[in-house]
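Visitor: So that you have it, the file is query14.cif, and it contains mmCIF, C-alpha atoms and all ligand atoms:
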data_upload
loop_
_atom_site.label_atom_id
_atom_site.label_comp_id
_atom_site.auth_asym_id
_atom_site.auth_seq_id
_atom_site.Cartn_x
_atom_site.Cartn_y
_atom_site.Cartn_z
CA MET K 27 48.76 -131.67 -157.70
CA SER K 28 46.43 -133.01 -155.03
CA ARG K 29 44.88 -129.61 -154.30
CA ARG K 30 43.28 -129.52 -157.74
CA ARG K 31 40.34 -131.48 -159.00
CA GLN K 32 41.32 -134.09 -161.54
CA ILE K 33 39.04 -134.05 -164.56
CA TYR K 34 40.46 -136.89 -166.61
CA GLU K 35 43.45 -139.22 -166.70
CA GLY K 36 44.64 -140.49 -170.05
CA LYS K 37 47.56 -142.74 -170.94
CA ALA K 38 50.15 -139.97 -171.22
CA LYS K 39 48.47 -136.93 -169.66
CA ILE K 40 46.23 -135.82 -166.80
CA LEU K 41 43.76 -132.95 -167.00
CA PHE K 42 43.03 -130.85 -163.92
CA GLU K 43 40.55 -128.09 -163.33
CA GLY K 44 42.12 -124.78 -164.39
CA PRO K 45 42.48 -121.55 -162.42
CA GLU K 46 39.60 -119.86 -164.27
CA PRO K 47 36.36 -121.20 -165.70
CA GLY K 48 36.83 -122.55 -169.20
CA THR K 49 40.46 -123.51 -168.61
CA LEU K 50 42.21 -126.77 -167.74
CA VAL K 51 45.74 -127.69 -166.71
CA GLN K 52 47.31 -130.38 -168.89
CA TYR K 53 49.96 -132.41 -167.03
CA PHE K 54 52.43 -134.49 -169.09
CA LYS K 55 53.41 -137.87 -167.60
CA ASP K 56 56.47 -139.98 -168.39
CA ASP K 57 54.21 -142.98 -169.01
CA ALA K 58 54.23 -144.50 -172.47
CA THR K 59 51.83 -147.04 -173.92
CA ALA K 60 51.56 -148.70 -177.28
CA PHE K 61 49.20 -151.05 -179.08
CA ASN K 62 46.23 -149.75 -177.09
CA ASN K 63 47.82 -150.13 -173.68
CA LYS K 64 49.12 -153.68 -174.24
CA LYS K 65 52.70 -152.42 -173.95
CA LYS K 66 53.47 -150.10 -171.04
CA GLY K 67 56.60 -148.34 -169.93
CA THR K 68 58.17 -145.17 -168.65
CA ILE K 69 60.38 -142.83 -170.64
CA VAL K 70 62.21 -140.72 -168.07
CA GLY K 71 61.88 -137.03 -168.90
CA LYS K 72 59.34 -137.58 -171.70
CA GLY K 73 56.65 -135.46 -170.01
CA VAL K 74 59.01 -132.50 -169.66
CA LEU K 75 60.16 -132.77 -173.28
CA ASN K 76 56.66 -133.23 -174.73
CA ASN K 77 55.38 -130.26 -172.71
CA ARG K 78 58.12 -128.11 -174.28
CA ILE K 79 57.87 -129.51 -177.78
CA SER K 80 54.08 -129.23 -177.86
CA GLU K 81 54.22 -125.70 -176.42
CA TYR K 82 56.65 -124.66 -179.13
CA LEU K 83 54.77 -126.25 -182.03
CA MET K 84 51.33 -125.05 -180.85
CA MET K 85 52.68 -121.49 -180.43
CA ARG K 86 54.15 -121.53 -183.93
CA LEU K 87 50.87 -122.88 -185.33
CA ASN K 88 48.88 -120.21 -183.44
CA GLU K 89 51.14 -117.55 -184.98
CA MET K 90 50.39 -118.75 -188.48
CA GLY K 91 46.64 -118.79 -187.89
CA VAL K 92 45.86 -122.34 -186.78
CA PRO K 93 43.69 -121.92 -183.67
CA THR K 94 44.75 -124.19 -180.79
CA HIS K 95 43.72 -124.88 -177.20
CA PHE K 96 47.18 -123.87 -175.91
CA VAL K 97 47.28 -120.81 -173.62
CA ARG K 98 50.68 -120.93 -171.92
CA ARG K 99 53.16 -123.27 -170.29
CA LEU K 100 52.94 -123.18 -166.50
CA ASN K 101 55.98 -125.22 -165.46
CA MET K 102 58.13 -128.20 -166.47
CA ARG K 103 55.23 -130.62 -166.85
CA GLU K 104 52.10 -128.48 -167.11
CA GLN K 105 50.42 -126.14 -169.54
CA LEU K 106 47.25 -124.09 -169.32
CA ILE K 107 44.74 -124.93 -172.05
CA LYS K 108 41.21 -123.94 -173.05
CA GLU K 109 38.51 -126.40 -172.09
CA LEU K 110 36.99 -127.95 -175.20
CA GLU K 111 34.41 -130.53 -176.09
CA ILE K 112 36.68 -133.08 -177.69
CA ILE K 113 35.51 -134.50 -181.02
CA PRO K 114 35.96 -138.28 -180.71
CA ILE K 115 37.93 -138.55 -183.96
CA GLU K 116 41.69 -138.95 -184.42
CA VAL K 117 42.84 -137.20 -187.59
CA VAL K 118 45.94 -138.84 -189.04
CA VAL K 119 47.89 -137.10 -191.82
CA ARG K 120 50.49 -139.12 -193.76
CA ASN K 121 53.25 -138.14 -196.18
CA VAL K 122 55.20 -141.40 -196.23
CA ALA K 123 53.97 -145.01 -195.91
CA ALA K 124 54.63 -146.32 -192.41
CA GLY K 125 52.93 -148.03 -189.49
CA SER K 126 49.38 -149.23 -189.97
CA LEU K 127 49.11 -147.86 -193.54
CA ALA K 128 52.19 -149.78 -194.67
CA GLN K 129 50.86 -152.90 -192.97
CA ARG K 130 47.26 -152.62 -194.20
CA LEU K 131 48.15 -152.04 -197.85
CA GLY K 132 51.39 -153.99 -198.01
CA LEU K 133 53.49 -150.92 -198.79
CA LYS K 134 57.19 -150.75 -198.11
CA GLU K 135 57.79 -148.52 -195.11
CA GLY K 136 59.44 -145.32 -196.28
CA THR K 137 57.67 -145.08 -199.64
CA ASN K 138 56.76 -141.47 -200.41
CA LEU K 139 53.02 -141.11 -200.98
CA PRO K 140 51.99 -139.44 -204.27
CA ARG K 141 50.11 -136.93 -202.13
CA SER K 142 49.33 -136.40 -198.46
CA ILE K 143 46.53 -138.56 -197.07
CA VAL K 144 44.08 -137.70 -194.29
CA GLU K 145 42.49 -140.57 -192.35
CA PHE K 146 39.94 -140.66 -189.53
CA TYR K 147 39.86 -143.03 -186.58
CA TYR K 148 37.10 -143.30 -183.97
CA LYS K 149 38.52 -142.67 -180.50
CA SER K 150 37.56 -145.79 -178.55
CA ASP K 151 39.98 -147.87 -176.50
CA GLU K 152 37.45 -150.72 -176.29
CA LEU K 153 37.26 -150.90 -180.08
CA ASN K 154 40.98 -150.22 -180.59
CA ASP K 155 40.43 -146.90 -182.42
CA PRO K 156 38.93 -148.29 -185.65
CA MET K 157 39.43 -146.44 -188.91
CA VAL K 158 36.19 -144.78 -190.04
CA SER K 159 34.96 -142.85 -193.06
CA GLU K 160 33.17 -139.50 -193.24
CA GLU K 161 29.96 -141.49 -193.67
CA HIS K 162 30.41 -143.16 -190.29
CA ILE K 163 31.33 -139.86 -188.62
CA THR K 164 28.20 -138.07 -189.82
CA CYS K 165 25.90 -141.10 -189.51
CA PHE K 166 26.72 -141.52 -185.82
CA GLY K 167 26.81 -137.79 -185.13
CA TRP K 168 30.46 -137.61 -184.02
CA ALA K 169 31.00 -134.51 -186.17
CA THR K 170 29.10 -132.59 -188.84
CA PRO K 171 30.17 -132.45 -192.51
CA GLN K 172 31.35 -128.86 -191.93
CA GLU K 173 33.41 -129.94 -188.93
CA ILE K 174 34.97 -132.75 -190.96
CA ASP K 175 35.90 -130.27 -193.72
CA GLU K 176 37.39 -127.94 -191.10
CA MET K 177 39.42 -130.71 -189.44
CA MET K 178 40.71 -131.88 -192.81
CA ALA K 179 41.67 -128.37 -193.91
CA LEU K 180 43.39 -127.65 -190.59
CA GLY K 181 45.16 -131.03 -190.71
CA LEU K 182 46.60 -130.23 -194.14
CA ARG K 183 47.67 -126.73 -193.05
CA VAL K 184 49.36 -128.18 -189.98
CA ASN K 185 51.05 -130.72 -192.26
CA ASP K 186 52.37 -128.07 -194.67
CA PHE K 187 53.68 -125.93 -191.85
CA LEU K 188 55.21 -128.68 -189.74
CA SER K 189 56.72 -130.49 -192.74
CA GLY K 190 58.64 -127.32 -193.58
CA LEU K 191 59.59 -126.60 -190.01
CA PHE K 192 60.97 -130.12 -189.47
CA LEU K 193 62.68 -130.19 -192.86
CA GLY K 194 64.60 -127.11 -191.74
CA ILE K 195 66.08 -129.09 -188.85
CA GLY K 196 66.87 -132.22 -190.84
CA ILE K 197 63.76 -134.21 -189.95
CA ARG K 198 61.19 -135.86 -192.22
CA LEU K 199 57.59 -135.59 -190.97
CA VAL K 200 56.33 -139.04 -191.96
CA ASP K 201 52.89 -138.87 -190.34
CA PHE K 202 51.10 -137.57 -187.26
CA LYS K 203 47.83 -137.66 -185.34
CA LEU K 204 45.76 -134.64 -184.36
CA GLU K 205 42.72 -134.16 -182.16
CA PHE K 206 40.23 -131.31 -182.29
CA GLY K 207 37.57 -129.89 -180.01
CA ARG K 208 34.70 -127.42 -179.97
CA HIS K 209 35.18 -124.12 -178.15
CA TRP K 210 32.30 -121.78 -177.41
CA GLN K 211 32.82 -118.09 -176.96
CA ASN K 212 29.68 -116.01 -176.57
CA GLU K 213 27.32 -117.63 -179.08
CA GLU K 214 30.03 -118.76 -181.45
CA MET K 215 31.57 -122.19 -181.82
CA ARG K 216 35.07 -122.67 -183.20
CA ILE K 217 37.07 -125.81 -183.86
CA LEU K 218 40.45 -125.68 -182.11
CA LEU K 219 43.44 -127.98 -182.35
CA ALA K 220 43.68 -129.92 -179.06
CA ASP K 221 45.79 -132.57 -177.30
CA GLU K 222 49.54 -132.35 -178.03
CA ILE K 223 51.98 -132.45 -180.91
CA SER K 224 55.10 -134.35 -179.90
CA PRO K 225 57.17 -137.42 -180.80
CA ASP K 226 54.41 -139.42 -179.04
CA ASN K 227 52.01 -138.76 -181.90
CA CYS K 228 54.27 -137.98 -184.87
CA ARG K 229 56.65 -140.14 -186.87
CA LEU K 230 59.89 -138.19 -187.27
CA TRP K 231 62.81 -139.61 -189.25
CA ASP K 232 66.27 -138.15 -189.55
CA LEU K 233 66.58 -136.84 -193.10
CA GLN K 234 70.10 -138.20 -193.62
CA THR K 235 69.97 -141.57 -191.87
CA ASN K 236 66.20 -142.34 -191.68
CA GLU K 237 66.75 -143.04 -188.00
CA LYS K 238 63.49 -142.93 -186.05
CA MET K 239 63.18 -140.05 -183.57
CA ASP K 240 59.73 -140.79 -182.14
CA LYS K 241 57.60 -143.26 -180.19
CA ASP K 242 58.30 -146.05 -182.69
CA ARG K 243 61.58 -146.45 -180.76
CA PHE K 244 59.46 -147.48 -177.77
CA ARG K 245 56.85 -149.44 -179.78
CA ARG K 246 59.56 -151.43 -181.55
CA ASP K 247 62.11 -151.71 -178.70
CA LEU K 248 64.78 -149.79 -180.60
CA GLY K 249 66.32 -148.25 -177.47
CA ASN K 250 67.48 -144.66 -176.78
CA VAL K 251 63.91 -143.42 -176.65
CA ALA K 252 64.45 -140.46 -174.31
CA GLU K 253 67.60 -139.53 -176.24
CA ALA K 254 65.61 -139.36 -179.48
CA TYR K 255 62.95 -137.07 -177.96
CA GLN K 256 65.75 -134.94 -176.54
CA GLU K 257 67.40 -134.66 -179.93
CA VAL K 258 64.11 -133.41 -181.45
CA ALA K 259 63.92 -130.75 -178.70
CA ARG K 260 67.58 -129.86 -179.22
CA ARG K 261 67.14 -129.37 -182.97
CA LEU K 262 64.06 -127.24 -182.33
CA GLY K 263 66.29 -125.13 -180.07
CA ILE K 264 64.16 -125.70 -176.98
CA LEU K 265 66.09 -128.14 -174.81
CA PRO K 266 65.47 -126.97 -171.22
CA GLU K 267 68.08 -124.46 -170.06
CA GLY K 268 71.08 -126.18 -168.55
CA GLY K 269 70.63 -129.16 -170.85
CA PRO K 270 69.12 -132.54 -170.07
CA ARG K 271 70.14 -132.29 -166.40
CA ASP K 272 67.25 -129.87 -166.00
CA LEU K 273 64.83 -132.67 -166.81
CA LYS K 274 65.21 -134.18 -163.38
CA GLY K 275 64.46 -130.85 -161.70
CA PRO K 276 61.40 -130.14 -159.58
CA ALA K 277 58.04 -130.40 -161.32
CA VAL K 278 56.99 -126.86 -160.38
CA MET K 279 59.14 -123.89 -161.37
CA GLN K 280 56.87 -120.98 -160.51
P1 LIG F 301 49.58 -145.65 -187.34
O1 LIG F 301 50.47 -145.83 -188.51
O2 LIG F 301 49.84 -146.61 -186.22
O3 LIG F 301 48.12 -145.65 -187.73
O4 LIG F 301 49.88 -144.21 -186.73
C1 LIG F 301 49.79 -143.04 -187.50
C2 LIG F 301 50.27 -141.85 -186.69
O5 LIG F 301 49.40 -141.59 -185.61
C3 LIG F 301 51.64 -142.04 -186.07
O6 LIG F 301 52.35 -140.81 -186.19
C4 LIG F 301 51.38 -142.34 -184.63
C5 LIG F 301 50.07 -141.67 -184.36
N1 LIG F 301 49.24 -142.42 -183.44
C6 LIG F 301 48.85 -141.83 -182.24
O7 LIG F 301 49.23 -140.71 -181.94
N2 LIG F 301 48.04 -142.56 -181.41
C7 LIG F 301 47.59 -143.79 -181.69
O8 LIG F 301 46.86 -144.39 -180.90
C8 LIG F 301 48.00 -144.39 -182.93
C9 LIG F 301 47.55 -145.77 -183.31
C10 LIG F 301 48.80 -143.66 -183.77
N1 LIG F 302 47.68 -144.61 -178.13
C1 LIG F 302 48.23 -145.97 -178.32
C2 LIG F 302 48.15 -146.74 -177.01
O1 LIG F 302 48.07 -146.40 -175.98
C3 LIG F 302 49.65 -145.95 -178.56
C4 LIG F 302 50.27 -145.72 -179.87
O2 LIG F 302 50.54 -144.57 -180.12
O3 LIG F 302 50.63 -146.68 -180.56
O4 LIG F 302 48.35 -147.82 -176.83
#
What is this file in structure tokens?
Ligand code: TMP
Ligand code: ASP
Guide:
Amino acid sequence: MSRRRQIYEGKAKILFEGPEPGTLVQYFKDDATAFNNKKKGTIVGKGVLNNRISEYLMMRLNEMGVPTHFVRRLNMREQLIKELEIIPIEVVVRNVAAGSLAQRLGLKEGTNLPRSIVEFYYKSDELNDPMVSEEHITCFGWATPQEIDEMMALGLRVNDFLSGLFLGIGIRLVDFKLEFGRHWQNEEMRILLADEISPDNCRLWDLQTNEKMDKDRFRRDLGNVAEAYQEVARRLGILPEGGPRDLKGPAVMQ
């Protein structure tokens, strides 16, 4: 890792300079944070699982026409991605009341929403990612009206696709957070799906038992966090070969 130039270190991932111009290497850490870094911990094997889960979901989304930054997985903890200009907006899509929505509006957690909701949050640790409207986003120049429309449309397509995919493996997609970025090729700019899709930024509940299979287990001290992530990977059919033992293997496979 030390031979490469580090571009950025976030709470759960590190970005390094990629092998070719316009690419980056995204490294998945085992670190977990919640409540804007107030709660910190380590979930052993999380980076390996999220690298796999996000690879799988991004590849499936690419196949059905949702453009993403994902190029290919490099090893247990790293994937090659396209370098983007990240739009500083978190796009949250919700199907069921939970988390901050349940709290803000006094809804019982688990209530099905009459229709899916898209929300925007401004990415700012200092401000604790405040919820913002389209008016704020365009007023402060974070994204154009067209980009907002594109992010919303892509968010809903991702929701339709992933809801069905998870339903097929006995999991309810309660809500999730997406990030997008601008990618230039020749003179053209395209919005691509960025970041990761994993139990770190989705709420996933077992369809039969409503048991939580995502980062809420860490946020709420429910225990068996790594086991829950592993079960998501297992149901997706992508648990590393040789089972969970593989998770402790060397970071670099190639
Ligand atoms: P919320 O209910 O806390 O607003 O979270 C909605 C969804 O967004 C949930 O699936 C978790 C995800 N999320 C993130 O990925 N990062 C964050 O910083 C927050 C607050 C939520
Ligand atoms: N991104 C938030 C943080 O670091 C965590 C969360 O998902 O709740 O604290």
Visitor: Using all atoms listed in the file, which residues of the polymer chains come no farther than 6 Å from ligand LIG 301 (chain F)? I'd like the answer as JSON, numbers by chain.
Guide: {"K": [118, 124, 125, 126, 127, 201, 202, 203, 227, 228, 229]}
Visitor: Around (57.2, -136.2, -182.1) in the file's frame, which residues reach within 12 Å when counting only C-alpha atoms? Return as JSON, numbers by chain?
Guide: {"K": [72, 75, 76, 77, 78, 79, 80, 82, 83, 188, 192, 197, 198, 199, 200, 201, 202, 203, 204, 222, 223, 224, 225, 226, 227, 228, 229, 230, 231, 232, 238, 239, 240, 241, 242, 243, 251, 252, 254, 255, 256, 257, 258, 259, 262]}
Visitor: Env of region 148-161 of chain K: 8 Å cut, atoms = all atoms listed in the file, seq-sep filter 4 positions within chain, self excluded. Answer as an NGL selection string.
Guide: :K and (62 or 114-116 or 165 or 171 or 174)
Visitor: Residues near region 108-112 of chain K, anyone? I mean within 7 Å using only C-alpha atoms, not counting same-chain ones fewer than 2 positions away, as a PyMOL selection string.
Guide: chain K and resi 48-50+95-97+114+206-209
Visitor: So, counting all atoms listed in the file, which residue among K:Gln211, K:Asn185, K:Phe244, K:Arg260 is closest to ligand LIG 302 (chain F)?
Guide: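 Under the stated criterion, the closest residue is K:Phe244.
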Visitor: From the set K:Gly132, K:Gly36, K:Gly249, K:Gly263, which residue has the shortest atom-to-atom contact distance to ligand LIG 302 (chain F), counting all atoms listed in the file?
Guide: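 The closest residue to ligand LIG 302 (chain F) is K:Gly36.
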Visitor: Could you check the closest approach to Asn236 (chain K) for each of K:Gln52, K:Asn88, K:Asn250, K:Thr137 and tell me which residue wins, using all atoms listed in the file?
Guide: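 Smallest separation from Asn236 (chain K) among the options: K:Thr137.
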Visitor: Ligand LIG 302 (chain F): which residues are within 7 Å, counting all atoms listed in the file? Reply as a list in words.
Guide: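 So the residues close to ligand LIG 302 (chain F) are Lys37, Thr59, Ala60, Phe61, Asn62, Asn63, Lys64, Lys65, Asp226, Asn227 and Arg245 of chain K.
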Visitor: Using all atoms listed in the file, which of K:Ala220, K:Leu106, K:Ile163, K:Ala169 sits nearest Gly181 (chain K)?
Guide: K:Ala220
Visitor: Restricting the calculation to only C-alpha atoms, which member of K:Asp247, K:Glu89, K:Glu135, K:Asp221 is positioned closest to Leu41 (chain K)?
Guide: K:Asp221
Visitor: For CA of Thr94 (chain K) and CA of Arg29 (chain K), determine how far apart the two atoms are, in Å to one decimal place.
Guide: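 Computing it gives 27.0 Å between the two atoms.
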Visitor: State, in Å with one decimal place, the distance from CA of Arg183 (chain K) to CA of Ile107 (chain K).
Guide: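 Going from CA of Arg183 (chain K) over to CA of Ile107 (chain K) covers 21.3 Å.
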Visitor: Using all atoms listed in the file, which of the listed residues (K:Ala38, K:Leu182, K:Val74, K:Ile217) sits closest to Asp57 (chain K)?
Guide: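 Answer, going by the shortest atom-to-atom distance: K:Ala38.
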Visitor: Figure out the distance between CA of Val119 (chain K) and CA of Asp186 (chain K), please, to one decimal in Å.
Guide: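 Distance between the two atoms: 10.5 Å.
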Visitor: Would you pick out the contacts of Gln105 (chain K) at 7 Å or less, using only C-alpha atoms, so that residues sharing its chain but fewer than 6 positions from it are not included, and give the list as a VMD selection string?
Guide: chain K and resid 51 to 53 98 to 99
